[in-house]
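Peer 1: Dumping the structure here so I can ask a few things about it.
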Amino acid sequence: MVLKIIIIDKNYINILNKEMFKAENNRKNNKFKMGFTLMEVMVATTIFVTIVISVSQIFKLVVDGEKRISNTYMLQESLKGFTEWSFRDLRMAKPNNGNCPGLSFSSTRSVFETFDDGQGVKYLDSLGRCSKIFLAYDSVSGKDRIFMTSDDKNGFLTPTSVNIDELKFVVTEDIDVSGNHTSQPMITIYSKASSNTGKEDSEIVIQTSLVNRTYNYEE
């Protein structure tokens, strides 16, 4: 048996170690230079889509909110004519004193009286005209609108773009046996209206109480 002894130069070992270290570094660098995996792409896409959807929903909420505010403002402006006129007319009404036989007041000292389950009110206005305000159907526009009639004029008080969903008058009027008011007459008006502008629907509720300027009452 022949025993062979191989003597390896130390420099050769150092060179071999350097080459192995270089090869390992190249392997690691190539690993980091590789493209994204399918899972990484899917995760990134999911995050991106989620962000886009969230931003879109927030933008839609903002736009819808602005539309609702705009429609509500337009609805308020549409009803301004009715509210300003009717509030002033009702506040200045006076006792009928039997001057409106066609309206069939239960008392000649009454300032207000309701009819049609509170959907209408009758009164004598400050100019002495027997008047009524009530909810009526407009066959032309197909809407429920507020209608006013008096001795010399009549017509709708609300525009065709507005539907009056509900109208209610509540009268508080105390008259003693001698025909005097024991307190100032008061009328509460409740109305619910919705817009019909072809845009997003809008709804508004108006409720107010008016004290009549009739002062012929006793403390």
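Here's how to read the names in the structure tokens: chain A, B, ... by the order shown, residue numbers from 1 in each chain, ligand numbers from 1 in the order shown.
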So that I can see what lies close to Asn71 in chain A, please list as JSON, numbers by chain the residues with an atom at most 7 Å from it, counting only C-alpha atoms and leaving out residues fewer than 4 positions away in the same chain.
Peer 2: {"A": [67, 75, 202]}
Peer 1: Tell me, counting only C-alpha atoms, for each residue of range 85-130 of chain A within 12 Å of range 173-179 of chain A, which pair of atoms is nearest and how far apart they are in Å to one decimal, in rows ordered by chain and increasing number, as JSON lines.
Peer 2:
{"residue": "A:Pro95", "atom": "CA", "partner": "A:Gly179", "partner_atom": "CA", "distance": 10.3}
{"residue": "A:Asn97", "atom": "CA", "partner": "A:Gly179", "partner_atom": "CA", "distance": 10.3}
{"residue": "A:Ser106", "atom": "CA", "partner": "A:Ile175", "partner_atom": "CA", "distance": 11.7}
{"residue": "A:Ser107", "atom": "CA", "partner": "A:Gly179", "partner_atom": "CA", "distance": 8.6}
{"residue": "A:Thr108", "atom": "CA", "partner": "A:Gly179", "partner_atom": "CA", "distance": 8.4}
{"residue": "A:Arg109", "atom": "CA", "partner": "A:Gly179", "partner_atom": "CA", "distance": 6.1}
{"residue": "A:Ser110", "atom": "CA", "partner": "A:Glu173", "partner_atom": "CA", "distance": 7.7}
{"residue": "A:Val111", "atom": "CA", "partner": "A:Glu173", "partner_atom": "CA", "distance": 8.0}
{"residue": "A:Phe112", "atom": "CA", "partner": "A:Glu173", "partner_atom": "CA", "distance": 7.8}
{"residue": "A:Glu113", "atom": "CA", "partner": "A:Glu173", "partner_atom": "CA", "distance": 9.1}
{"residue": "A:Thr114", "atom": "CA", "partner": "A:Glu173", "partner_atom": "CA", "distance": 11.4}
Peer 1: Go through A:Ser161, A:Ser86, A:Thr172, A:Ser191 one by one, measure the shortest atom-to-atom distance of each to Lys132 in chain A using only C-alpha atoms, and give the residue with the smallest value.
Peer 2: A:Ser86
Peer 1: Mind giving me the straight-line distance from CA of Ser131 in chain A to CA of Ile204 in chain A in Å, one decimal?
Peer 2: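 Straight-line distance from CA of Ser131 in chain A to CA of Ile204 in chain A works out to 26.1 Å.
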Peer 1: Just how far from CA of Ile146 in chain A is CA of Phe134 in chain A, in Å to one decimal?
Peer 2: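 CA of Phe134 in chain A sits 5.8 Å away from CA of Ile146 in chain A.
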Peer 1: With only C-alpha atoms as the counted atoms, please give the residues lying no more than 10 Å from range 147-152 of chain A, apart from itself and same-chain residues fewer than 6 positions off, as a ChimeraX atom specification.
Peer 2: /A:82,86,100,120-125,128-138,158
Peer 1: Write to file, as a PDB file, in the first residue's frame, the residues of the selection just made, with N, CA and C atoms.
Peer 2:
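This went into out-v3.pdb:
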ATOM      1  N   PHE A  82     -94.543  81.343  -0.012  1.00  0.00           N
ATOM      2  CA  PHE A  82     -95.695  80.906   0.776  1.00  0.00           C
ATOM      3  C   PHE A  82     -95.543  81.270   2.242  1.00  0.00           C
ATOM      4  N   SER A  86     -98.088  83.958   3.797  1.00  0.00           N
ATOM      5  CA  SER A  86     -99.123  83.384   4.667  1.00  0.00           C
ATOM      6  C   SER A  86     -98.901  83.753   6.133  1.00  0.00           C
ATOM      7  N   CYS A 100    -118.413  86.806   6.893  1.00  0.00           N
ATOM      8  CA  CYS A 100    -118.086  85.733   5.948  1.00  0.00           C
ATOM      9  C   CYS A 100    -119.097  84.599   6.077  1.00  0.00           C
ATOM     10  N   GLY A 120    -106.884  72.686   6.266  1.00  0.00           N
ATOM     11  CA  GLY A 120    -107.210  74.011   5.769  1.00  0.00           C
ATOM     12  C   GLY A 120    -107.588  74.928   6.905  1.00  0.00           C
ATOM     13  N   VAL A 121    -107.464  76.238   6.664  1.00  0.00           N
ATOM     14  CA  VAL A 121    -107.843  77.230   7.653  1.00  0.00           C
ATOM     15  C   VAL A 121    -108.589  78.370   6.941  1.00  0.00           C
ATOM     16  N   LYS A 122    -109.600  78.902   7.592  1.00  0.00           N
ATOM     17  CA  LYS A 122    -110.369  80.028   7.050  1.00  0.00           C
ATOM     18  C   LYS A 122    -110.283  81.196   8.019  1.00  0.00           C
ATOM     19  N   TYR A 123    -110.322  82.414   7.464  1.00  0.00           N
ATOM     20  CA  TYR A 123    -110.133  83.611   8.281  1.00  0.00           C
ATOM     21  C   TYR A 123    -110.545  84.842   7.483  1.00  0.00           C
ATOM     22  N   LEU A 124    -110.687  85.959   8.165  1.00  0.00           N
ATOM     23  CA  LEU A 124    -110.940  87.260   7.551  1.00  0.00           C
ATOM     24  C   LEU A 124    -109.634  88.040   7.595  1.00  0.00           C
ATOM     25  N   ASP A 125    -109.105  88.381   6.416  1.00  0.00           N
ATOM     26  CA  ASP A 125    -107.792  89.022   6.421  1.00  0.00           C
ATOM     27  C   ASP A 125    -107.899  90.497   6.812  1.00  0.00           C
ATOM     28  N   GLY A 128    -110.307  92.765   5.034  1.00  0.00           N
ATOM     29  CA  GLY A 128    -111.716  92.415   5.066  1.00  0.00           C
ATOM     30  C   GLY A 128    -112.133  91.390   4.022  1.00  0.00           C
ATOM     31  N   ARG A 129    -111.193  90.615   3.533  1.00  0.00           N
ATOM     32  CA  ARG A 129    -111.511  89.587   2.536  1.00  0.00           C
ATOM     33  C   ARG A 129    -111.625  88.228   3.218  1.00  0.00           C
ATOM     34  N   CYS A 130    -112.684  87.509   2.919  1.00  0.00           N
ATOM     35  CA  CYS A 130    -112.872  86.167   3.465  1.00  0.00           C
ATOM     36  C   CYS A 130    -111.942  85.219   2.720  1.00  0.00           C
ATOM     37  N   SER A 131    -111.036  84.584   3.466  1.00  0.00           N
ATOM     38  CA  SER A 131    -109.963  83.821   2.825  1.00  0.00           C
ATOM     39  C   SER A 131    -109.870  82.406   3.373  1.00  0.00           C
ATOM     40  N   LYS A 132    -109.289  81.527   2.544  1.00  0.00           N
ATOM     41  CA  LYS A 132    -109.019  80.146   2.945  1.00  0.00           C
ATOM     42  C   LYS A 132    -107.664  79.725   2.393  1.00  0.00           C
ATOM     43  N   ILE A 133    -106.943  78.966   3.187  1.00  0.00           N
ATOM     44  CA  ILE A 133    -105.694  78.329   2.749  1.00  0.00           C
ATOM     45  C   ILE A 133    -105.843  76.834   3.022  1.00  0.00           C
ATOM     46  N   PHE A 134    -105.588  76.023   1.994  1.00  0.00           N
ATOM     47  CA  PHE A 134    -105.782  74.584   2.174  1.00  0.00           C
ATOM     48  C   PHE A 134    -104.934  73.798   1.182  1.00  0.00           C
ATOM     49  N   LEU A 135    -104.857  72.503   1.420  1.00  0.00           N
ATOM     50  CA  LEU A 135    -104.097  71.603   0.554  1.00  0.00           C
ATOM     51  C   LEU A 135    -104.992  71.136  -0.584  1.00  0.00           C
ATOM     52  N   ALA A 136    -104.520  71.284  -1.820  1.00  0.00           N
ATOM     53  CA  ALA A 136    -105.315  70.922  -2.994  1.00  0.00           C
ATOM     54  C   ALA A 136    -104.447  70.194  -4.005  1.00  0.00           C
ATOM     55  N   TYR A 137    -105.072  69.333  -4.772  1.00  0.00           N
ATOM     56  CA  TYR A 137    -104.353  68.579  -5.807  1.00  0.00           C
ATOM     57  C   TYR A 137    -104.369  69.365  -7.107  1.00  0.00           C
ATOM     58  N   ASP A 138    -103.187  69.521  -7.703  1.00  0.00           N
ATOM     59  CA  ASP A 138    -103.050  70.205  -8.987  1.00  0.00           C
ATOM     60  C   ASP A 138    -102.985  69.153 -10.084  1.00  0.00           C
ATOM     61  N   THR A 158     -97.606  77.534  -3.787  1.00  0.00           N
ATOM     62  CA  THR A 158     -96.338  76.799  -3.887  1.00  0.00           C
ATOM     63  C   THR A 158     -96.073  76.437  -5.347  1.00  0.00           C
TER      64      THR A 158
END
Peer 1: Within range 47-184 of chain A, find each residue whose DSSP state, derived from the backbone, is helix (DSSP H, G or I), and express the selection as a PyMOL selection string.
Peer 2: chain A and resi 47-91+101-103
Peer 1: To one decimal in Å, tell me the separation between CA of Lys192 in chain A and CA of Val140 in chain A.
Peer 2: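 So the two atoms, CA of Lys192 in chain A and CA of Val140 in chain A, lie 20.9 Å apart.
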